[in-house]
>>> print(open('structure.cif').read())   # mmCIF, C-alpha atoms
data_input
#
loop_
_atom_site.label_atom_id
_atom_site.label_comp_id
_atom_site.auth_asym_id
_atom_site.auth_seq_id
_atom_site.Cartn_x
_atom_site.Cartn_y
_atom_site.Cartn_z
CA ARG A 17 12.92 -48.23 300.20
CA GLY A 18 12.43 -46.12 297.12
CA ALA A 19 15.21 -43.72 298.14
CA ALA A 20 17.57 -46.58 298.84
CA ALA A 21 16.86 -48.06 295.42
CA ALA A 22 17.56 -44.74 293.72
CA VAL A 23 20.84 -44.35 295.60
CA ALA A 24 21.82 -47.91 294.75
CA LYS A 25 21.05 -47.22 291.11
CA ASP A 26 23.07 -43.96 290.90
CA LEU A 27 26.00 -45.11 293.05
CA PRO A 28 27.84 -47.06 290.34
CA LYS A 29 27.76 -44.07 287.96
CA ALA A 30 28.98 -41.68 290.62
CA ALA A 31 31.67 -44.11 291.76
CA ALA A 32 32.79 -44.68 288.16
CA GLY A 33 33.21 -40.95 287.62
CA ALA A 34 35.16 -40.51 290.82
CA VAL A 35 37.39 -43.50 290.07
CA ALA A 36 38.06 -42.21 286.55
CA GLU A 37 38.91 -38.77 287.88
CA ALA A 38 41.19 -40.26 290.52
CA PHE A 39 42.92 -42.48 287.91
CA ARG A 40 43.43 -39.47 285.61
CA GLY A 41 45.00 -37.50 288.44
CA SER A 42 47.23 -40.36 289.48
CA PHE A 43 48.26 -40.97 285.78
CA GLN A 44 49.22 -37.34 285.34
CA ALA A 45 50.93 -37.08 288.71
CA MET A 46 52.92 -40.35 288.76
CA LEU A 47 52.76 -42.40 285.55
CA LEU A 48 53.48 -39.64 283.01
CA PRO A 49 56.66 -38.43 284.80
CA ALA A 50 57.79 -42.03 285.18
CA ILE A 51 57.21 -42.76 281.47
CA ASP A 52 58.96 -39.51 280.51
CA ALA A 53 61.92 -40.31 282.75
CA GLY A 54 62.09 -43.83 281.31
CA LEU A 55 62.07 -42.54 277.73
CA ARG A 56 64.72 -39.95 278.54
CA GLN A 57 66.93 -42.58 280.16
CA MET A 58 66.44 -44.88 277.19
CA MET A 59 67.40 -42.12 274.73
CA GLU A 60 70.46 -41.29 276.83
CA GLN A 61 71.50 -44.93 276.76
CA VAL A 62 70.98 -45.11 272.98
CA GLY A 63 72.98 -41.90 272.46
CA SER A 64 75.76 -43.15 274.71
CA GLY A 65 75.84 -46.40 272.79
CA ILE A 66 76.09 -44.55 269.49
CA ASP A 67 78.93 -42.39 270.84
CA ARG A 68 80.81 -45.46 272.05
CA GLY A 69 80.29 -47.14 268.67
CA VAL A 70 81.56 -44.13 266.76
CA ALA A 71 84.56 -43.83 269.07
CA ALA A 72 85.34 -47.53 268.68
CA ALA A 73 85.07 -47.29 264.90
CA ALA A 74 87.32 -44.25 264.84
CA ALA A 75 89.81 -46.00 267.10
CA SER A 76 89.89 -49.05 264.85
CA ALA A 77 90.18 -46.91 261.72
CA ALA A 78 93.09 -44.86 263.07
CA PRO A 79 95.68 -47.68 262.79
CA ALA A 80 94.53 -48.40 259.24
CA ALA A 81 94.84 -44.73 258.30
CA ALA A 82 98.27 -44.60 259.90
CA ALA A 83 99.32 -47.70 257.99
CA VAL A 84 98.12 -46.17 254.73
CA SER A 85 100.06 -42.99 255.49
CA ARG A 86 103.20 -45.01 256.21
CA LEU A 87 102.82 -46.92 252.94
CA GLU A 88 102.34 -43.69 250.98
CA ALA A 89 105.42 -42.19 252.62
CA ALA A 90 107.44 -45.32 251.84
CA ALA A 91 106.27 -45.25 248.21
CA ASP A 92 107.25 -41.59 247.89
CA ALA A 93 110.66 -42.31 249.38
CA LEU A 94 111.17 -45.27 247.06
CA GLN A 95 110.25 -43.19 244.01
CA ALA A 96 112.61 -40.41 245.08
CA SER A 97 115.41 -42.93 245.57
CA ALA A 98 114.78 -44.46 242.15
CA SER A 99 114.85 -41.02 240.50
CA ALA A 100 118.06 -40.12 242.26
CA ALA A 101 119.65 -43.43 241.27
CA ALA A 102 118.62 -42.95 237.64
CA ALA A 103 120.04 -39.43 237.60
CA ALA A 104 123.27 -40.62 239.16
CA ALA A 105 123.57 -43.46 236.66
CA ALA A 106 122.96 -41.08 233.76
CA SER A 107 125.69 -38.74 234.98
CA VAL A 108 128.33 -41.49 235.12
CA PRO A 109 130.16 -41.84 231.79
CA PRO A 110 130.39 -45.33 230.34
CA ALA A 111 133.57 -47.21 231.14
CA VAL A 112 134.01 -48.04 227.45
CA SER A 113 132.67 -45.89 224.62
CA PRO A 114 130.61 -47.42 221.79
CA SER A 115 133.56 -46.99 219.45
CA ALA A 116 135.77 -48.81 221.94
CA GLU A 117 133.22 -51.60 222.15
CA SER A 118 133.32 -51.93 218.38
CA ALA A 119 137.11 -52.08 218.55
CA LEU A 120 136.87 -54.94 221.04
CA ALA A 121 134.33 -56.82 218.96
CA GLY A 122 135.67 -59.88 217.24
CA LYS A 123 138.91 -59.93 219.22
CA PRO A 124 139.71 -63.30 220.87
CA GLY A 125 139.03 -62.96 224.55
CA GLY A 126 138.48 -59.25 224.09
CA ALA A 127 142.15 -58.66 223.31
CA VAL A 128 142.84 -55.39 221.54
CA SER A 129 145.95 -53.40 220.77
CA LEU A 130 146.68 -50.17 222.59
CA ALA A 131 146.70 -48.28 219.29
CA SER A 132 143.22 -49.56 218.38
CA LEU A 133 141.89 -48.63 221.81
CA GLU A 134 143.39 -45.14 221.60
CA GLN A 135 141.85 -44.60 218.17
CA SER A 136 138.44 -45.71 219.44
CA LEU A 137 138.63 -43.34 222.40
CA ASP A 138 140.07 -40.40 220.43
CA PRO A 139 138.75 -40.24 216.83
CA SER A 140 141.25 -37.50 215.97
CA ILE A 141 144.06 -40.09 215.98
CA GLU A 142 142.42 -42.04 213.18
CA LEU A 143 141.39 -38.88 211.34
CA ARG A 144 144.96 -37.57 211.39
CA GLY A 145 146.01 -40.82 209.76
CA PHE A 146 143.58 -40.17 206.89
CA LEU A 147 144.89 -36.61 206.50
CA GLU A 148 148.52 -37.77 206.44
CA ARG A 149 147.61 -39.99 203.50
CA SER A 150 145.66 -37.12 201.89
CA ASP A 151 142.58 -39.35 202.03
CA PHE A 152 140.11 -36.50 202.55
CA GLU A 153 137.13 -38.56 201.44
CA GLY A 154 137.95 -41.25 204.00
CA ALA A 155 138.55 -38.66 206.73
CA PHE A 156 135.24 -36.89 206.25
CA ASN A 157 133.36 -40.15 205.77
CA ARG A 158 134.74 -41.37 209.10
CA ALA A 159 134.00 -38.10 210.91
CA LEU A 160 130.46 -37.91 209.55
CA SER A 161 129.80 -41.53 210.54
CA LEU A 162 130.38 -40.61 214.19
CA SER A 163 127.36 -38.24 214.12
CA ASP A 164 129.31 -35.74 216.20
CA VAL A 165 129.25 -32.16 214.92
CA ASP A 166 132.22 -31.19 217.09
CA THR A 167 134.37 -33.91 215.53
CA VAL A 168 133.38 -32.78 212.03
CA ALA A 169 134.15 -29.16 212.96
CA TRP A 170 137.53 -30.19 214.38
CA LEU A 171 138.37 -31.97 211.13
CA CYS A 172 137.43 -28.83 209.19
CA THR A 173 139.91 -26.85 211.27
CA GLN A 174 142.71 -29.22 210.19
CA VAL A 175 142.47 -28.59 206.46
CA ALA A 176 141.57 -25.62 204.25
CA PRO A 177 138.35 -26.06 202.26
CA SER A 178 139.72 -24.64 198.99
CA GLY A 179 140.94 -27.45 196.77
CA VAL A 180 139.51 -30.11 199.13
CA ALA A 181 135.75 -29.63 198.95
CA SER A 182 135.79 -30.13 195.18
CA ARG A 183 137.45 -33.54 195.69
CA LEU A 184 134.76 -34.88 197.98
CA SER A 185 131.87 -37.03 196.83
CA GLN A 186 128.38 -35.56 196.52
CA GLY A 187 127.15 -37.65 199.43
CA VAL A 188 129.86 -36.28 201.73
CA LEU A 189 129.20 -32.73 200.52
CA LEU A 190 125.48 -33.06 201.22
CA SER A 191 126.16 -34.45 204.72
CA LEU A 192 128.58 -31.60 205.44
CA THR A 193 125.97 -29.10 204.28
CA GLN A 194 123.57 -30.56 206.79
CA GLN A 195 125.91 -30.92 209.78
CA LEU A 196 127.93 -27.71 209.55
CA GLY A 197 124.78 -25.62 210.05
CA TYR A 198 124.49 -26.78 213.68
CA ASN A 199 126.05 -24.91 216.60
CA LEU A 200 127.20 -22.02 214.43
CA GLU A 201 128.24 -20.13 217.55
CA LYS A 202 131.18 -22.58 217.81
CA HIS A 203 133.96 -22.54 215.15
CA THR A 204 131.89 -19.90 213.33
CA SER A 205 134.47 -18.72 210.81
CA THR A 206 135.67 -22.24 209.97
CA LYS A 207 132.14 -23.53 209.44
CA LEU A 208 131.17 -20.60 207.23
CA GLU A 209 134.34 -20.98 205.11
CA TRP A 210 133.59 -24.67 204.62
CA LEU A 211 129.89 -24.11 203.98
CA GLN A 212 130.67 -21.63 201.21
CA GLU A 213 132.99 -24.10 199.44
CA VAL A 214 130.77 -27.13 200.08
CA VAL A 215 127.55 -25.51 198.83
CA MET A 216 129.27 -24.23 195.70
CA ALA A 217 130.61 -27.74 195.02
CA LEU A 218 127.18 -29.37 195.17
CA ASP A 219 125.95 -30.75 191.85
CA THR A 220 122.27 -29.87 191.80
CA ARG A 221 121.71 -32.42 189.01
CA SER A 222 123.34 -35.35 190.79
CA PRO A 223 120.94 -38.29 191.45
CA THR A 224 122.57 -38.60 194.86
CA VAL A 225 121.82 -35.00 195.78
CA VAL A 226 118.55 -34.08 194.06
CA PRO A 227 116.10 -36.05 196.30
CA HIS A 228 117.49 -34.45 199.46
CA LEU A 229 118.82 -31.10 198.32
CA GLY A 230 115.66 -29.05 198.94
CA PRO A 231 115.08 -30.04 202.57
CA VAL A 232 118.80 -29.83 203.44
CA LEU A 233 119.21 -26.34 201.95
CA SER A 234 115.98 -25.11 203.54
CA GLY A 235 117.15 -26.34 206.92
CA LEU A 236 120.56 -24.74 206.49
CA TYR A 237 119.06 -21.43 205.38
CA GLY A 238 116.84 -21.38 208.46
CA GLN A 239 119.85 -22.01 210.72
CA LEU A 240 121.86 -19.27 209.03
CA THR A 241 119.12 -16.64 209.28
CA THR A 242 118.35 -17.58 212.86
CA PHE A 243 122.01 -17.22 213.77
CA GLN A 244 122.11 -13.90 211.91
CA ARG A 245 119.17 -12.54 213.91
CA SER A 246 120.49 -13.84 217.23
CA GLY A 247 123.30 -11.28 217.34
CA GLU A 248 125.77 -14.01 218.37
CA CYS A 249 127.76 -13.93 215.12
CA PRO A 250 131.19 -12.30 215.56
CA PRO A 251 131.43 -9.02 213.63
CA SER A 252 134.35 -10.39 211.65
CA ALA A 253 132.17 -13.22 210.30
CA LEU A 254 129.02 -11.22 209.50
CA SER A 255 129.87 -10.57 205.87
CA LYS A 256 130.69 -14.25 205.30
CA LEU A 257 127.44 -15.27 207.00
CA THR A 258 125.44 -12.94 204.74
CA LEU A 259 127.20 -14.28 201.64
CA VAL A 260 126.64 -17.95 202.54
CA ALA A 261 122.97 -17.30 203.34
CA HIS A 262 122.56 -15.58 199.95
CA VAL A 263 124.19 -18.49 198.07
CA VAL A 264 122.11 -21.08 199.93
CA ASN A 265 118.90 -19.16 199.29
CA SER A 266 119.73 -18.93 195.57
CA LEU A 267 120.32 -22.67 195.31
CA LYS A 268 117.23 -23.40 197.37
CA ASN A 269 115.03 -21.44 194.99
#
>>> encode(input="structure.cif", output="structure tokens")
Amino acid sequence: RGAAAAVAKDLPKAAAGAVAEAFRGSFQAMLLPAIDAGLRQMMEQVGSGIDRGVAAAAASAAPAAAAVSRLEAAADALQASASAAAAAAASVPPAVSPSAESALAGKPGGAVSLASLEQSLDPSIELRGFLERSDFEGAFNRALSLSDVDTVAWLCTQVAPSGVASRLSQGVLLSLTQQLGYNLEKHTSTKLEWLQEVVMALDTRSPTVVPHLGPVLSGLYGQLTTFQRSGECPPSALSKLTLVAHVVNSLKN
């Protein structure tokens, strides 16, 4: 009886140890691989879901990106078309010049004589009329009012400066001094002949001239010296260019 009691007392401890050892073995042999496989499968499913989500997002974003690209291309094409249209419009001369518009102004129903229209389109017609009447002041006033150096230069080619420059008003002389210094490579000899006479005819004490004389002469002197250094002056006009520059510099100082 004593042995049986001892066995009965130790049996639960021994059984508990054996059961624990058996459970540990079974856990390592079956449960751990199952848990690991389950976790791996779950991670694969999560990764697959992420990949599908990214692919879906990219697929939905692609049309938007394509639409943006199409809009940008359309905007570029529209801007190019506008630039081309503006350039084409700028290259087309106006149907009626500003002077022709002024000739039409005030005419009933826009009616205008052929002579008036011709004069508005070709200023030389009107300027020749002034010259025929020996109205040199009117001719140069009209030419200068057009703000066209070529027209002024053309008028200078129609009449010799000697005996004419001295008959012009100080305002006209000052304007000629300013305008004839431009584009000296064109009508060089004529411009220099006129500049010499015009500058010598300026009254440096005239109230009309004095406020503007300094800047105008300084500008003209700069144009003359620049033209002199450029090497574009014809050899036949070099001495006249040097003389005019000297006279202008003397008056300027």
>>> residues_around(input="structure.cif", residues="A:Thr167", least_positions_apart="5", cutoff="8 Å", atoms="only C-alpha atoms", output="list of chain:residue names")
A:Pro139, A:Ser140, A:Ala159, A:Leu162
>>> resolve_selection(input="structure.cif", expression="the PyMOL selection byres ((chain A and resi 260-262) around 9)", output="ChimeraX atom specification")
/A:208-209,211-212,215,236-238,240-241,255-259,263-267
>>> closest_residue(input="structure.cif", among="A:Cys249, A:Val188, A:Leu233, A:Met216", to="A:Asn157", atoms="all atoms listed in the file")
A:Val188
>>> atom_distance(input="structure.cif", atom1="atom CA of A:Phe156", atom2="atom CA of A:Ala217")
15.2 Å
>>> residues_near_point(input="structure.cif", point="(117.6, -30.7, 207.3)", cutoff="12 Å", atoms="only C-alpha atoms", output="PyMOL selection string")
chain A and resi 190-198+228-239
>>> closest_residue(input="structure.cif", among="A:Asn269, A:Ser222, A:Asn199, A:Ser205", to="A:Asp166", atoms="all atoms listed in the file")
A:Asn199
>>> atom_distance(input="structure.cif", atom1="atom CA of A:Gly179", atom2="atom CA of A:Ser150")
11.9 Å
>>> atom_distance(input="structure.cif", atom1="atom CA of A:Val225", atom2="atom CA of A:Leu184")
13.1 Å
